[in-house]
Structures are given as structure tokens and as C-alpha cells.
Amino acid sequence: MTLALGNVTFDCQDSADALAEFYAQLLDRPVDPEASAFFATVGQTSGASPVLMFIQVPDKTPGKNVVHLDFHSVQWRDYVERAISLGAKHIGDFDEYGQQWVTLADPEGNLFDIGKE
């Protein structure tokens, strides 16, 4: 059973593809195909790790991290339970953009996600 860092996710006030383009140029990597104002990635197509993911969140939740870690695993639900047993707080379950994940908060309140590989 392994847990891997899959993405570093950025909540974007404006356009997800615009912020993705900034980091793509900074890292000399292309923005992945099908980027939009709502969702974009850098590194997924090329197999880079971790993938940078950008999601438009125009109304950010006060106190929420604007950059967070996304972990993924085949046994993702087991890792969610493990994280909770270690002191994480369950925040919510999500199914968007063709992905399923659970958002948790670490013991100091920093948010992170564990998703289905």
C-alpha cells in the first residue's frame, strides 16, 4: 500500500489557464491540452511529478489554503481513514472534473486532499 504526492493544487482567483501558463513558462514545461479558465494542469501529459493543477475558485473560502497537496492511491479510502486516525479532520467528499477525492485538514488546520488514483 503506497500513498504518492500526485498534485500541487492552486486555487485561482482569476483564470486557471493564465496562472498555469505562468508556472509553465517558469518551469519551461507546456500547459497540458484542454486547459480552460476553470481548470488547467502542467506536467500531467509529460509525466512530470508532481503535476501542478489550477482550479478557478472566484469566491475563496476564508482561511482555506490557496495552495495544497493532493495525494492519490488505489487504496485512497484506506489512507483517508489512516489520516483521520492520525488526527486529520474530515472536511468533505468531492467528485468533480472526473476525479474523486476527500478533503482533510491536518492537526494544524492545513487542508490536503487524498484522491482515487
# chains A, B, ... in the order shown; residues from 1 in each chain; ligands from 1
>>> residues_around(residues="A:Asp11", least_positions_apart="6", cutoff="7 Å", atoms="only C-alpha atoms", output="VMD selection string")
chain A and resid 54 to 57 66 to 67
>>> select_by_dssp(residues="chain A", states="helix (DSSP H, G or I)", output="ChimeraX atom specification")
/A:16-27,76-85
>>> closest_residue(among="A:Lys64, A:His72, A:His90, A:Arg77", to="A:Pro50", atoms="only C-alpha atoms")
A:His72
>>> closest_residue(among="A:Thr41, A:Thr61, A:Asn7, A:Ser73", to="A:Phe22", atoms="only C-alpha atoms")
A:Thr41
>>> select_by_dssp(residues="chain A", states="strand (DSSP E or B)", output="number ranges by chain")
A: 4-12, 31, 39-42, 51-56, 67-73, 89-96, 99-105, 111-116
>>> write_last_selection(atoms="C-alpha atoms", output="mmCIF file, in the first residue's frame")
data_model
loop_
_atom_site.group_PDB
_atom_site.id
_atom_site.type_symbol
_atom_site.label_atom_id
_atom_site.label_comp_id
_atom_site.auth_asym_id
_atom_site.auth_seq_id
_atom_site.Cartn_x
_atom_site.Cartn_y
_atom_site.Cartn_z
ATOM 1 C CA ALA A 4 2.005 9.272 -3.536
ATOM 2 C CA LEU A 5 2.032 13.029 -3.984
ATOM 3 C CA GLY A 6 0.011 13.471 -7.150
ATOM 4 C CA ASN A 7 -0.586 17.200 -7.472
ATOM 5 C CA VAL A 8 0.198 20.565 -6.020
ATOM 6 C CA THR A 9 -3.084 22.414 -6.460
ATOM 7 C CA PHE A 10 -3.530 26.158 -6.805
ATOM 8 C CA ASP A 11 -6.883 27.878 -6.224
ATOM 9 C CA CYS A 12 -7.027 30.719 -8.768
ATOM 10 C CA VAL A 31 0.380 23.707 -20.217
ATOM 11 C CA PHE A 39 -9.225 24.059 -14.888
ATOM 12 C CA ALA A 40 -5.663 23.508 -16.133
ATOM 13 C CA THR A 41 -2.642 21.312 -15.426
ATOM 14 C CA VAL A 42 1.084 21.443 -16.079
ATOM 15 C CA VAL A 51 1.572 17.664 -11.527
ATOM 16 C CA LEU A 52 0.645 21.305 -10.974
ATOM 17 C CA MET A 53 -3.158 21.698 -11.010
ATOM 18 C CA PHE A 54 -5.003 25.010 -11.261
ATOM 19 C CA ILE A 55 -8.691 25.402 -10.402
ATOM 20 C CA GLN A 56 -10.667 28.630 -10.652
ATOM 21 C CA VAL A 67 -2.062 26.003 -2.418
ATOM 22 C CA HIS A 68 -2.443 22.472 -1.078
ATOM 23 C CA LEU A 69 -1.122 18.944 -1.510
ATOM 24 C CA ASP A 70 -3.091 16.303 -3.407
ATOM 25 C CA PHE A 71 -2.177 12.710 -2.619
ATOM 26 C CA HIS A 72 -3.526 9.749 -4.576
ATOM 27 C CA SER A 73 -3.614 5.993 -4.205
ATOM 28 C CA LYS A 89 -10.265 16.192 10.329
ATOM 29 C CA HIS A 90 -12.625 15.126 7.520
ATOM 30 C CA ILE A 91 -13.784 18.239 5.633
ATOM 31 C CA GLY A 92 -15.706 16.860 2.648
ATOM 32 C CA ASP A 93 -16.076 14.353 -0.191
ATOM 33 C CA PHE A 94 -15.891 15.504 -3.818
ATOM 34 C CA ASP A 95 -16.466 14.137 -7.317
ATOM 35 C CA GLU A 96 -15.532 16.752 -9.941
ATOM 36 C CA GLN A 99 -11.863 12.801 -10.164
ATOM 37 C CA GLN A 100 -12.934 11.641 -6.709
ATOM 38 C CA TRP A 101 -11.242 12.865 -3.546
ATOM 39 C CA VAL A 102 -11.648 13.666 0.125
ATOM 40 C CA THR A 103 -10.514 16.963 1.619
ATOM 41 C CA LEU A 104 -9.000 16.771 5.086
ATOM 42 C CA ALA A 105 -7.301 19.172 7.483
ATOM 43 C CA LEU A 111 -6.003 21.382 4.065
ATOM 44 C CA PHE A 112 -4.924 18.483 1.851
ATOM 45 C CA ASP A 113 -6.675 16.003 -0.418
ATOM 46 C CA ILE A 114 -6.486 12.244 -0.820
ATOM 47 C CA GLY A 115 -7.941 11.019 -4.087
ATOM 48 C CA LYS A 116 -8.579 7.998 -6.202
#
>>> closest_residue(among="A:Ala20, A:Glu117, A:Pro33, A:Asp14", to="A:Tyr79", atoms="only C-alpha atoms")
A:Glu117
>>> atom_distance(atom1="atom CA of A:Ser15", atom2="atom CA of A:Gly63")
21.0 Å
>>> atom_distance(atom1="atom CA of A:Asp32", atom2="atom CA of A:Ser46")
8.3 Å
>>> closest_residue(among="A:Gln13, A:Asn110, A:Ser85, A:Thr2", to="A:Pro58", atoms="only C-alpha atoms")
A:Gln13
